[in-house]
>>> print(open('query-v2.csv').read())   # CSV, C-alpha atoms
chain,number,residue,atom,x,y,z
A,1,MET,CA,115.4,75.1,74.0
A,2,THR,CA,116.7,78.7,74.3
A,3,LYS,CA,117.0,80.3,77.7
A,4,ILE,CA,116.8,83.9,78.9
A,5,LYS,CA,120.3,85.3,79.1
A,6,THR,CA,120.0,88.9,80.2
A,7,ILE,CA,117.5,91.5,81.3
A,8,THR,CA,118.4,95.1,80.9
A,9,CYS,CA,116.3,98.1,82.1
A,10,HIS,CA,116.6,101.3,80.1
A,11,VAL,CA,115.4,104.4,81.9
A,12,VAL,CA,114.8,107.3,79.5
A,13,THR,CA,113.5,110.8,80.1
A,14,THR,CA,113.3,114.2,78.5
A,15,PRO,CA,111.8,117.6,79.3
A,16,ILE,CA,108.9,118.7,77.1
A,17,LYS,CA,108.3,122.1,75.5
A,18,ARG,CA,104.7,122.5,76.5
A,19,PRO,CA,104.0,121.4,80.1
A,20,PHE,CA,100.5,120.4,80.9
A,21,THR,CA,98.3,119.4,83.9
A,22,SER,CA,95.1,117.6,84.7
A,23,SER,CA,92.8,117.7,87.7
A,24,ARG,CA,95.5,115.7,89.7
A,25,GLY,CA,97.2,119.1,90.1
A,26,TRP,CA,100.8,118.3,89.2
A,27,LEU,CA,102.5,119.7,86.2
A,28,TYR,CA,103.9,117.3,83.6
A,29,LYS,CA,107.3,118.8,82.7
A,30,THR,CA,109.0,115.7,81.4
A,31,ARG,CA,108.2,112.4,79.6
A,32,GLY,CA,109.9,109.2,80.4
A,33,THR,CA,109.6,105.4,80.8
A,34,CYS,CA,111.3,102.2,81.8
A,35,LEU,CA,112.0,100.0,78.8
A,36,VAL,CA,112.7,96.3,79.5
A,37,GLU,CA,115.1,94.5,77.1
A,38,ILE,CA,115.3,90.7,77.4
A,39,GLU,CA,117.8,88.7,75.3
A,40,THR,CA,117.9,85.0,74.9
A,41,ALA,CA,121.0,82.8,74.6
A,42,ASP,CA,120.5,82.5,70.9
A,43,GLY,CA,120.3,86.3,70.4
A,44,ILE,CA,116.6,87.0,70.2
A,45,VAL,CA,115.6,90.3,71.9
A,46,GLY,CA,112.2,91.2,73.3
A,47,TRP,CA,111.0,94.6,74.5
A,48,GLY,CA,108.6,95.5,77.2
A,49,GLU,CA,107.6,98.6,79.1
A,50,CYS,CA,106.7,99.4,82.7
A,51,TYR,CA,104.1,102.1,83.6
A,52,GLY,CA,104.9,104.6,86.4
A,53,PRO,CA,108.1,105.9,88.0
A,54,SER,CA,110.9,104.4,85.9
A,55,ALA,CA,113.6,104.2,88.5
A,56,VAL,CA,111.3,102.3,90.8
A,57,ALA,CA,110.4,99.7,88.1
A,58,LYS,CA,114.1,99.3,87.3
A,59,ALA,CA,114.9,98.7,91.0
A,60,PHE,CA,112.2,96.0,91.3
A,61,ILE,CA,113.5,94.2,88.2
A,62,ASP,CA,117.2,94.5,89.0
A,63,THR,CA,116.9,93.4,92.6
A,64,GLN,CA,113.9,91.2,92.9
A,65,LEU,CA,112.7,89.8,89.5
A,66,ALA,CA,115.6,89.5,87.0
A,67,PRO,CA,117.5,86.9,89.0
A,68,ARG,CA,114.4,84.6,89.0
A,69,VAL,CA,113.9,85.0,85.2
A,70,ILE,CA,117.4,84.6,83.9
A,71,GLY,CA,117.9,81.0,82.8
A,72,GLN,CA,114.2,80.4,82.3
A,73,ASP,CA,112.5,79.3,79.0
A,74,PRO,CA,110.8,82.4,77.6
A,75,PHE,CA,108.0,80.3,76.3
A,76,ASP,CA,107.0,79.5,79.9
A,77,VAL,CA,105.5,82.9,80.1
A,78,GLU,CA,102.7,82.0,82.5
A,79,VAL,CA,105.0,80.0,84.7
A,80,VAL,CA,107.3,83.0,84.9
A,81,TRP,CA,104.4,85.3,85.7
A,82,GLU,CA,103.1,83.2,88.6
A,83,ASP,CA,106.6,82.7,90.0
A,84,LEU,CA,107.3,86.5,89.9
A,85,TYR,CA,103.9,87.4,91.4
A,86,ASN,CA,104.2,84.9,94.2
A,87,ARG,CA,107.7,86.2,94.9
A,88,ILE,CA,106.5,89.7,95.6
A,89,LYS,CA,102.8,89.5,96.6
A,90,ASP,CA,103.5,89.5,100.3
A,91,TYR,CA,104.7,93.1,100.0
A,92,GLY,CA,103.5,94.3,96.6
A,93,PRO,CA,100.3,92.8,95.1
A,94,LYS,CA,99.6,96.1,93.4
A,95,GLY,CA,101.4,99.1,92.1
A,96,MET,CA,105.0,99.3,90.9
A,97,SER,CA,105.8,95.6,91.6
A,98,ILE,CA,103.1,94.6,89.1
A,99,ALA,CA,104.2,97.2,86.6
A,100,ALA,CA,107.7,95.7,86.8
A,101,ILE,CA,106.2,92.2,86.1
A,102,SER,CA,104.2,93.8,83.2
A,103,GLY,CA,107.4,94.9,81.4
A,104,ILE,CA,108.9,91.5,81.7
A,105,ASP,CA,105.8,89.8,80.5
A,106,ILE,CA,105.4,92.0,77.4
A,107,ALA,CA,109.1,91.4,76.5
A,108,LEU,CA,108.6,87.6,76.8
A,109,TRP,CA,105.6,87.7,74.4
A,110,ASP,CA,107.8,89.8,72.0
A,111,ILE,CA,110.5,87.1,72.1
A,112,ILE,CA,107.9,84.3,71.6
A,113,GLY,CA,106.5,86.0,68.6
A,114,LYS,CA,109.9,86.6,67.1
A,115,SER,CA,110.9,83.0,67.8
A,116,VAL,CA,108.0,81.5,65.8
A,117,GLY,CA,107.7,84.3,63.3
A,118,LYS,CA,104.2,85.4,64.3
A,119,PRO,CA,102.7,88.6,65.6
A,120,VAL,CA,101.7,88.6,69.3
A,121,HIS,CA,98.0,88.7,68.6
A,122,LYS,CA,98.3,85.3,66.8
A,123,LEU,CA,99.7,83.8,70.0
A,124,ILE,CA,97.0,85.1,72.3
A,125,GLY,CA,93.9,83.9,70.4
A,126,GLY,CA,94.1,85.8,67.1
A,127,ALA,CA,92.8,89.1,65.9
A,128,PHE,CA,89.1,90.0,65.8
A,129,ARG,CA,90.0,93.0,63.7
A,130,THR,CA,92.8,94.1,61.4
A,131,SER,CA,92.7,97.7,62.6
A,132,VAL,CA,91.5,99.4,65.8
A,133,ASP,CA,89.6,102.6,66.1
A,134,ALA,CA,91.8,105.1,67.9
A,135,TYR,CA,90.7,108.0,70.0
A,136,ALA,CA,92.9,111.1,70.7
A,137,THR,CA,93.6,111.7,74.4
A,138,GLY,CA,94.5,115.3,75.0
A,139,LEU,CA,92.8,118.6,76.0
A,140,TYR,CA,94.7,118.8,79.2
A,141,PHE,CA,95.0,122.2,81.0
A,142,THR,CA,97.9,124.4,79.8
A,143,ASP,CA,96.9,128.0,79.6
A,144,MET,CA,94.5,128.6,82.6
A,145,ASP,CA,93.4,131.9,81.0
A,146,ARG,CA,92.3,130.2,77.8
A,147,LEU,CA,90.9,126.9,78.9
A,148,VAL,CA,87.9,126.9,76.5
A,149,GLU,CA,89.7,128.4,73.5
A,150,GLU,CA,92.7,126.0,73.7
A,151,ALA,CA,90.4,123.0,74.1
A,152,VAL,CA,88.3,123.9,71.1
A,153,ALA,CA,91.3,124.5,68.9
A,154,GLU,CA,93.0,121.2,70.0
A,155,ALA,CA,89.8,119.2,69.5
A,156,ARG,CA,89.3,120.6,66.0
A,157,GLY,CA,92.9,119.7,65.2
A,158,TYR,CA,92.4,116.1,66.1
A,159,VAL,CA,89.3,115.9,64.0
A,160,GLU,CA,91.1,117.5,61.1
A,161,ALA,CA,93.9,114.9,61.6
A,162,GLY,CA,91.3,112.1,61.0
A,163,PHE,CA,90.3,111.1,64.6
A,164,LYS,CA,86.6,110.2,65.0
A,165,ALA,CA,86.8,110.2,68.8
A,166,VAL,CA,88.4,112.5,71.3
A,167,LYS,CA,88.9,112.3,75.1
A,168,MET,CA,89.2,115.5,77.1
A,169,LYS,CA,90.1,116.4,80.7
A,170,ILE,CA,87.7,117.8,83.2
A,171,GLY,CA,88.0,118.6,87.0
A,172,LEU,CA,88.2,122.4,87.2
A,173,GLY,CA,86.6,122.6,90.6
A,174,SER,CA,83.2,123.8,89.3
A,175,ILE,CA,80.5,121.9,87.4
A,176,GLU,CA,79.6,125.0,85.5
A,177,ARG,CA,83.2,125.6,84.4
A,178,ASP,CA,83.7,122.0,83.3
A,179,ILE,CA,80.3,121.8,81.5
A,180,ALA,CA,81.0,125.1,79.6
A,181,ARG,CA,84.3,123.7,78.4
A,182,VAL,CA,82.8,120.4,77.3
A,183,ALA,CA,79.9,122.1,75.7
A,184,ALA,CA,82.2,124.3,73.6
A,185,VAL,CA,84.2,121.3,72.5
A,186,ARG,CA,81.0,119.4,71.6
A,187,GLU,CA,79.8,122.3,69.5
A,188,ALA,CA,83.2,122.6,67.8
A,189,VAL,CA,83.5,118.9,66.8
A,190,GLY,CA,79.9,118.3,66.0
A,191,PRO,CA,77.5,115.5,67.1
A,192,ASP,CA,79.1,112.7,65.1
A,193,ILE,CA,82.5,112.7,66.9
A,194,ARG,CA,82.6,110.4,69.9
A,195,LEU,CA,83.6,112.5,72.9
A,196,MET,CA,84.7,111.2,76.3
A,197,VAL,CA,85.7,113.0,79.5
A,198,ASP,CA,88.2,112.0,82.1
A,199,ALA,CA,88.1,113.5,85.7
A,200,ASN,CA,91.2,111.7,86.9
A,201,HIS,CA,89.3,110.8,90.1
A,202,SER,CA,88.9,114.4,91.3
A,203,LEU,CA,85.2,114.4,92.2
A,204,THR,CA,83.1,113.3,95.2
A,205,VAL,CA,80.2,110.9,94.6
A,206,PRO,CA,77.5,113.6,94.8
A,207,THR,CA,79.4,115.9,92.5
A,208,ALA,CA,80.1,113.1,90.1
A,209,ILE,CA,76.5,112.2,89.8
A,210,ARG,CA,75.5,115.9,89.2
A,211,MET,CA,78.3,116.3,86.7
A,212,GLY,CA,77.3,113.0,84.9
A,213,ARG,CA,73.7,114.1,84.5
A,214,ARG,CA,74.9,117.3,82.8
A,215,LEU,CA,77.3,115.4,80.6
A,216,GLU,CA,74.6,113.1,79.4
A,217,GLU,CA,72.9,116.1,77.8
A,218,LEU,CA,76.0,116.6,75.7
A,219,GLY,CA,76.1,113.1,74.3
A,220,ILE,CA,79.3,112.0,76.1
A,221,GLU,CA,80.4,108.4,75.3
A,222,TRP,CA,81.9,107.7,78.7
A,223,PHE,CA,82.7,109.4,82.0
A,224,GLU,CA,86.2,108.2,83.1
A,225,GLU,CA,87.5,108.0,86.6
A,226,PRO,CA,84.9,110.3,88.2
A,227,ILE,CA,85.9,109.4,91.8
A,228,SER,CA,88.8,108.0,93.8
A,229,PRO,CA,89.8,104.5,92.6
A,230,GLU,CA,89.8,103.2,96.2
A,231,ASP,CA,86.0,103.9,96.6
A,232,LEU,CA,84.4,100.9,95.0
A,233,ASP,CA,81.1,101.5,96.7
A,234,GLY,CA,81.1,105.0,95.4
A,235,TYR,CA,81.7,103.7,91.9
A,236,VAL,CA,78.6,101.5,92.3
A,237,GLU,CA,76.6,104.5,93.4
A,238,VAL,CA,77.7,106.7,90.5
A,239,THR,CA,77.3,103.9,87.9
A,240,ARG,CA,73.8,103.1,89.0
A,241,ALA,CA,72.7,106.7,89.1
A,242,LEU,CA,73.9,107.6,85.5
A,243,ASP,CA,72.9,106.6,82.0
A,244,VAL,CA,76.3,107.6,80.6
A,245,ALA,CA,78.8,104.8,80.8
A,246,VAL,CA,81.2,105.0,83.7
A,247,ALA,CA,84.8,103.9,83.1
A,248,GLY,CA,87.8,103.3,85.4
A,249,GLY,CA,90.5,100.8,86.4
A,250,GLU,CA,93.7,102.3,85.1
A,251,ASN,CA,94.9,102.4,88.7
A,252,GLU,CA,94.0,98.7,89.3
A,253,PHE,CA,96.3,95.7,89.0
A,254,THR,CA,95.9,91.9,88.3
A,255,ARG,CA,92.8,89.8,88.0
A,256,TRP,CA,92.4,89.9,91.8
A,257,GLY,CA,92.3,93.7,91.8
A,258,PHE,CA,89.7,93.8,89.1
A,259,ARG,CA,87.6,90.9,90.4
A,260,ASP,CA,85.2,92.8,92.7
A,261,ALA,CA,84.8,95.8,90.4
A,262,ILE,CA,83.8,93.6,87.6
A,263,ALA,CA,81.6,91.2,89.6
A,264,ARG,CA,79.7,94.1,91.2
A,265,LYS,CA,79.6,96.0,87.9
A,266,ALA,CA,81.0,99.0,89.7
A,267,MET,CA,81.8,100.5,86.3
A,268,ASP,CA,80.5,99.8,82.8
A,269,ILE,CA,84.0,99.9,81.3
A,270,VAL,CA,87.2,98.6,82.8
A,271,GLN,CA,90.5,100.1,81.7
A,272,PRO,CA,93.5,97.9,82.6
A,273,ASP,CA,96.9,99.1,81.3
A,274,VAL,CA,99.0,96.3,79.8
A,275,CYS,CA,102.2,98.0,81.2
A,276,ALA,CA,100.8,98.2,84.7
A,277,ALA,CA,98.1,95.6,85.4
A,278,GLY,CA,100.3,92.6,84.8
A,279,GLY,CA,101.2,92.6,81.1
A,280,ILE,CA,99.5,90.9,78.2
A,281,THR,CA,99.2,87.6,80.1
A,282,GLU,CA,97.2,89.1,83.0
A,283,CYS,CA,95.2,91.6,80.9
A,284,LYS,CA,93.8,88.7,78.8
A,285,LYS,CA,92.4,87.2,82.0
A,286,ILE,CA,91.0,90.5,83.1
A,287,ALA,CA,89.3,91.0,79.7
A,288,ALA,CA,87.8,87.4,79.9
A,289,MET,CA,86.4,88.1,83.3
A,290,ALA,CA,84.9,91.3,82.1
A,291,THR,CA,83.3,89.6,79.1
A,292,ALA,CA,81.8,87.0,81.4
A,293,HIS,CA,80.1,89.7,83.4
A,294,GLY,CA,78.9,91.9,80.5
A,295,VAL,CA,81.4,94.6,81.2
A,296,GLU,CA,83.4,96.3,78.4
A,297,CYS,CA,87.2,96.3,78.4
A,298,VAL,CA,88.9,99.3,76.9
A,299,PRO,CA,92.5,99.5,78.0
A,300,HIS,CA,94.3,102.5,79.2
A,301,ALA,CA,97.5,103.4,77.4
A,302,TRP,CA,100.3,105.9,78.2
A,303,GLY,CA,103.9,105.7,77.4
A,304,SER,CA,106.2,104.7,74.5
A,305,VAL,CA,105.6,102.9,71.2
A,306,VAL,CA,106.4,99.6,72.9
A,307,GLY,CA,103.5,99.8,75.3
A,308,LEU,CA,101.3,101.2,72.5
A,309,ALA,CA,102.1,98.2,70.3
A,310,ALA,CA,101.4,95.8,73.1
A,311,THR,CA,98.1,97.5,73.7
A,312,ILE,CA,97.1,97.2,70.0
A,313,HIS,CA,97.8,93.4,70.0
A,314,PHE,CA,95.8,93.0,73.2
A,315,LEU,CA,92.9,95.1,71.7
A,316,ALA,CA,92.9,93.1,68.5
A,317,SER,CA,92.4,89.9,70.5
A,318,ILE,CA,89.4,91.1,72.5
A,319,PRO,CA,86.0,90.1,71.1
A,320,ASP,CA,83.2,92.7,70.5
A,321,GLN,CA,81.2,93.2,73.6
A,322,PRO,CA,78.4,92.4,73.0
A,323,PRO,CA,78.7,90.4,69.7
A,324,CYS,CA,76.1,91.6,67.3
A,325,LEU,CA,75.4,92.6,63.7
A,326,PHE,CA,76.7,96.1,64.2
A,327,PRO,CA,79.3,95.8,66.9
A,328,VAL,CA,81.0,98.6,68.7
A,329,ALA,CA,84.7,97.5,68.9
A,330,PRO,CA,86.9,98.5,71.9
A,331,MET,CA,88.9,101.6,71.1
A,332,LEU,CA,92.7,102.3,71.3
A,333,GLU,CA,93.7,105.2,73.5
A,334,PHE,CA,96.2,107.2,71.4
A,335,GLU,CA,97.5,109.9,73.8
A,336,GLN,CA,98.7,113.0,71.8
A,337,GLU,CA,100.8,115.1,74.1
A,338,GLU,CA,104.5,115.6,73.3
A,339,ASN,CA,106.3,112.3,73.6
A,340,PRO,CA,109.4,111.3,71.6
A,341,PHE,CA,109.3,107.8,73.0
A,342,ARG,CA,105.9,107.3,71.3
A,343,ASP,CA,106.8,109.1,68.1
A,344,HIS,CA,110.6,108.4,67.5
A,345,LEU,CA,111.6,105.3,69.5
A,346,ALA,CA,110.4,102.9,66.7
A,347,LEU,CA,112.1,103.0,63.3
A,348,GLU,CA,108.6,102.8,61.9
A,349,PRO,CA,106.3,104.8,64.1
A,350,ILE,CA,102.7,103.8,64.8
A,351,ARG,CA,100.3,106.2,63.1
A,352,GLN,CA,96.5,106.6,62.8
A,353,VAL,CA,94.9,107.1,59.4
A,354,GLY,CA,91.3,108.1,59.3
A,355,GLY,CA,90.9,107.4,62.9
A,356,LYS,CA,92.2,103.9,62.6
A,357,VAL,CA,95.5,102.2,63.5
A,358,ALA,CA,96.6,99.0,61.7
A,359,VAL,CA,97.3,95.9,63.9
A,360,PRO,CA,101.0,95.1,63.4
A,361,THR,CA,101.6,91.9,61.4
A,362,ALA,CA,105.4,91.6,61.8
A,363,PRO,CA,106.7,89.0,64.3
A,364,GLY,CA,106.4,89.8,68.0
A,365,LEU,CA,105.2,93.3,68.9
A,366,GLY,CA,106.1,94.4,65.4
A,367,VAL,CA,108.2,97.2,66.7
A,368,GLU,CA,111.9,97.7,65.8
A,369,VAL,CA,113.4,99.9,68.5
A,370,ASP,CA,115.9,102.6,67.6
A,371,ARG,CA,118.7,102.2,70.1
A,372,ALA,CA,120.0,105.7,69.2
A,373,VAL,CA,116.9,107.2,70.7
A,374,ILE,CA,117.5,105.2,74.0
A,375,ASP,CA,121.1,106.4,74.1
A,376,ARG,CA,120.1,110.0,73.4
A,377,TYR,CA,117.5,110.2,76.2
A,378,ARG,CA,119.0,107.7,78.7
A,379,ALA,CA,118.7,109.0,82.3
A,380,ALA,CA,121.9,109.4,84.3
>>> encode(input="query-v2.csv", output="structure tokens")
Amino acid sequence: MTKIKTITCHVVTTPIKRPFTSSRGWLYKTRGTCLVEIETADGIVGWGECYGPSAVAKAFIDTQLAPRVIGQDPFDVEVVWEDLYNRIKDYGPKGMSIAAISGIDIALWDIIGKSVGKPVHKLIGGAFRTSVDAYATGLYFTDMDRLVEEAVAEARGYVEAGFKAVKMKIGLGSIERDIARVAAVREAVGPDIRLMVDANHSLTVPTAIRMGRRLEELGIEWFEEPISPEDLDGYVEVTRALDVAVAGGENEFTRWGFRDAIARKAMDIVQPDVCAAGGITECKKIAAMATAHGVECVPHAWGSVVGLAATIHFLASIPDQPPCLFPVAPMLEFEQEENPFRDHLALEPIRQVGGKVAVPTAPGLGVEVDRAVIDRYRAA
């Protein structure tokens, strides 16, 4: 049986031409990620990705995790996961340590798929759908003097490109300011486009409830991260007070981190990120737990084509919630801001056509990485 020979972290970064911000307040001037390359003794290469500060993920892998993985059987993916988690949980059961494990886990699934000639979704239960509905994430804040105009133009562009769903940012410090911007976008795209909003946990509980009631009048699909992720009781309050679905969880990690939020139905939709919450292995367990409690699972996605592909395989393997004659399948977050690692890292990029993205059918993740792109953007 083949063994893991090497683990290499590639930190890539690049400035972007059009910086943007959200309610978090910091300006995104660069894009980057940490790609995890794992090679077996017989030459099979798997790729993974870690969410968050790339140099931190690399440090975790290089100093803490890689020595425990080299020499292991890549098919022992859950054995490896448990060993790594128990190695670091005394000082890192959340955050970057789990993101580092996530990158390794995704790369192992890529290796397994390539070894047996099957796409990852076939290895984690099969695909409930051959394509996934994609929504465009965008409408950040760029020109503070033209917040409404730029949002309207951008949203119309996504609809013209074929998207049937759009997610926009809110959190401008005033309910009236946010509602005016959302209302303008709703009018521009029409009633048939699914529209979601994301506050990036910028609101208090009372403000979130007042905001949510106004959003309900505009036919918003879900209200994402209204309040701080640490305030689980606050999420319960907001979710109980509103008819619009409340979403959250992109800042949570592992089945233990999601357990109470799901069991208490603190939110209607949980959003684990496969590159952050523990990889494909752990996100399958989070999704199963959500299904058992009648909570939807719609993963967060942000990063390169590697993480995007892993998310698509994970999404394909999630059953409709609830199963019915006319199901509403979980959607793929397809972030649209400038990102060469999403658009150019793969020799064949992932694209949406008519608001849908095909589930890859090639072995593993189905992504062939262009090493020239890594070399071009490699961080010093």
>>> closest_residue(input="query-v2.csv", among="A:Gly249, A:Gly171, A:Pro327, A:Gly257", to="Pro299 (chain A)", atoms="all atoms listed in the file")
A:Gly249
>>> closest_residue(input="query-v2.csv", among="A:Arg129, A:Arg181, A:Arg259, A:Arg351", to="Glu335 (chain A)", atoms="all atoms listed in the file")
A:Arg351
>>> atom_distance(input="query-v2.csv", atom1="CA of Leu315 (chain A)", atom2="CA of Gln72 (chain A)")
28.0 Å
>>> closest_residue(input="query-v2.csv", among="A:Thr142, A:Ser115, A:Thr14, A:Gln64", to="Glu39 (chain A)", atoms="all atoms listed in the file")
A:Ser115
>>> residues_around(input="query-v2.csv", residues="Lys5 (chain A)", least_positions_apart="3", cutoff="9 Å", atoms="all atoms listed in the file", output="list in words")
Thr2, Ile38, Glu39, Thr40, Ala41, Asp42, Gly43, Val69, Ile70, Gly71 and Gln72 of chain A
>>> closest_residue(input="query-v2.csv", among="A:Leu365, A:Met289, A:Ile220, A:Ser102", to="Gly117 (chain A)", atoms="only C-alpha atoms")
A:Leu365
>>> residues_around(input="query-v2.csv", residues="His300 (chain A)", least_positions_apart="4", cutoff="6 Å", atoms="all atoms listed in the file", output="list in words")
Glu250, Gln271, Pro272 and Asp273 of chain A
>>> write_last_selection(input="query-v2.csv", atoms="C-alpha atoms", output="CSV table (one decimal), keeping the file's coordinate frame")
chain,number,residue,atom,x,y,z
A,250,GLU,CA,93.7,102.3,85.1
A,271,GLN,CA,90.5,100.1,81.7
A,272,PRO,CA,93.5,97.9,82.6
A,273,ASP,CA,96.9,99.1,81.3
>>> atom_distance(input="query-v2.csv", atom1="CA of Arg213 (chain A)", atom2="CA of Ile227 (chain A)")
15.0 Å
>>> atom_distance(input="query-v2.csv", atom1="CA of Asn251 (chain A)", atom2="CA of Ala266 (chain A)")
14.3 Å
>>> closest_residue(input="query-v2.csv", among="A:Lys114, A:Lys94, A:Lys29, A:Lys89", to="Ala277 (chain A)", atoms="only C-alpha atoms")
A:Lys94
>>> residues_around(input="query-v2.csv", residues="Ala136 (chain A)", least_positions_apart="4", cutoff="8 Å", atoms="all atoms listed in the file", output="PyMOL selection string")
chain A and resi 158+163+165-167+333-336
>>> write_last_selection(input="query-v2.csv", atoms="C-alpha atoms", output="PDB file, in the frame of the given file")
ATOM      1  CA  TYR A 158      92.400 116.100  66.100  1.00  0.00           C
ATOM      2  CA  PHE A 163      90.300 111.100  64.600  1.00  0.00           C
ATOM      3  CA  ALA A 165      86.800 110.200  68.800  1.00  0.00           C
ATOM      4  CA  VAL A 166      88.400 112.500  71.300  1.00  0.00           C
ATOM      5  CA  LYS A 167      88.900 112.300  75.100  1.00  0.00           C
ATOM      6  CA  GLU A 333      93.700 105.200  73.500  1.00  0.00           C
ATOM      7  CA  PHE A 334      96.200 107.200  71.400  1.00  0.00           C
ATOM      8  CA  GLU A 335      97.500 109.900  73.800  1.00  0.00           C
ATOM      9  CA  GLN A 336      98.700 113.000  71.800  1.00  0.00           C
TER      10      GLN A 336
END
>>> residues_around(input="query-v2.csv", residues="Glu221 (chain A)", least_positions_apart="3", cutoff="7 Å", atoms="only C-alpha atoms", output="list in words")
Arg194, Leu195, Met196, Val244 and Ala245 of chain A
>>> closest_residue(input="query-v2.csv", among="A:Arg255, A:Lys58, A:Arg31, A:Lys17", to="Phe341 (chain A)", atoms="only C-alpha atoms")
A:Arg31
>>> closest_atom_pairs(input="query-v2.csv", of="region 240-350 of chain A", to="region 355-364 of chain A", cutoff="10 Å", atoms="only C-alpha atoms", output="Markdown table")
| residue | atom | partner | partner_atom | distance |
| --- | --- | --- | --- | --- |
| A:Ala309 | CA | A:Pro360 | CA | 7.6 |
| A:Ala310 | CA | A:Gly364 | CA | 9.3 |
| A:Thr311 | CA | A:Val359 | CA | 10.0 |
| A:Ile312 | CA | A:Val359 | CA | 6.2 |
| A:His313 | CA | A:Val359 | CA | 6.6 |
| A:Phe314 | CA | A:Val359 | CA | 9.9 |
| A:Leu315 | CA | A:Val359 | CA | 9.0 |
| A:Ala316 | CA | A:Val359 | CA | 7.0 |
| A:Met331 | CA | A:Lys356 | CA | 9.4 |
| A:Leu332 | CA | A:Val357 | CA | 8.3 |
| A:Phe334 | CA | A:Val357 | CA | 9.4 |
| A:Ile350 | CA | A:Val357 | CA | 7.5 |
>>> residues_around(input="query-v2.csv", residues="region 75-84 of chain A", least_positions_apart="2", cutoff="7 Å", atoms="all atoms listed in the file", output="list in words")
Leu65, Val69, Asp73, Asn86, Arg87, Ile88, Ile101, Asp105, Leu108 and Ile112 of chain A
